[in-house]
Amino acid sequence: MLATVYLDGKKLKRIRTLKGKTQRALSSESGVSTSTIWLLETREKNERFHPPTLTKLARALEVEPTELVSGDD
């Protein structure tokens with residue numbers, strides 16, 4: 001059986017705030033819209049996300065993409 005992988009909104013928000021970035025600053029640095037960042041952060045489990053979005057956010061936050069995802073086994 002395959003595990004479900006999702007972008008974890010709580011992790012995204014925690015890392016963003018630890019890095020001292022606002023949603024607007026992260027948007028500017030990543031190229032991901034502020035509304036998308038807000039939407040991702042308000043949902044704990046984002047199963048439908050675009051892999052390039054994950055890559056852009058991780059790069060702007062200077063973390064590995066795996067630090068922003070969680071999964072159900």
# chains A, B, ... in the order shown; residues from 1 in each chain; ligands from 1
>>> select_by_dssp(residues="chain A", states="strand (DSSP E or B)", output="list in words")
Thr4, Val5, Tyr6, Leu7, Asp8, Lys45, Asn46, Val69, Ser70, Gly71 and Asp72 of chain A
>>> residues_around(residues="A:Ala25", least_positions_apart="3", cutoff="12 Å", atoms="only C-alpha atoms", output="list in words")
Arg16, Thr17, Lys19, Gly20, Lys21, Thr22, Ser28, Glu29, Ser30, Gly31, Val32, Ser33, Thr34, Ile37, Leu57, Ala60 and Leu61 of chain A
>>> select_by_dssp(residues="chain A", states="alpha helix (DSSP H)", output="PyMOL selection string")
chain A and resi 9-18+23-30+34-42+51-61
>>> closest_residue(among="A:Lys56, A:Leu12, A:Ser27, A:Leu18", to="A:Glu44", atoms="only C-alpha atoms")
A:Leu12
>>> atom_distance(atom1="atom CA of A:Arg43", atom2="atom CA of A:Tyr6")
10.3 Å
>>> residues_around(residues="A:Thr42", least_positions_apart="6", cutoff="12 Å", atoms="only C-alpha atoms", output="list of chain:residue names")
A:Leu7, A:Asp8, A:Gly9, A:Lys10, A:Lys11, A:Leu12, A:Lys13, A:Arg14, A:Ser35, A:Thr36
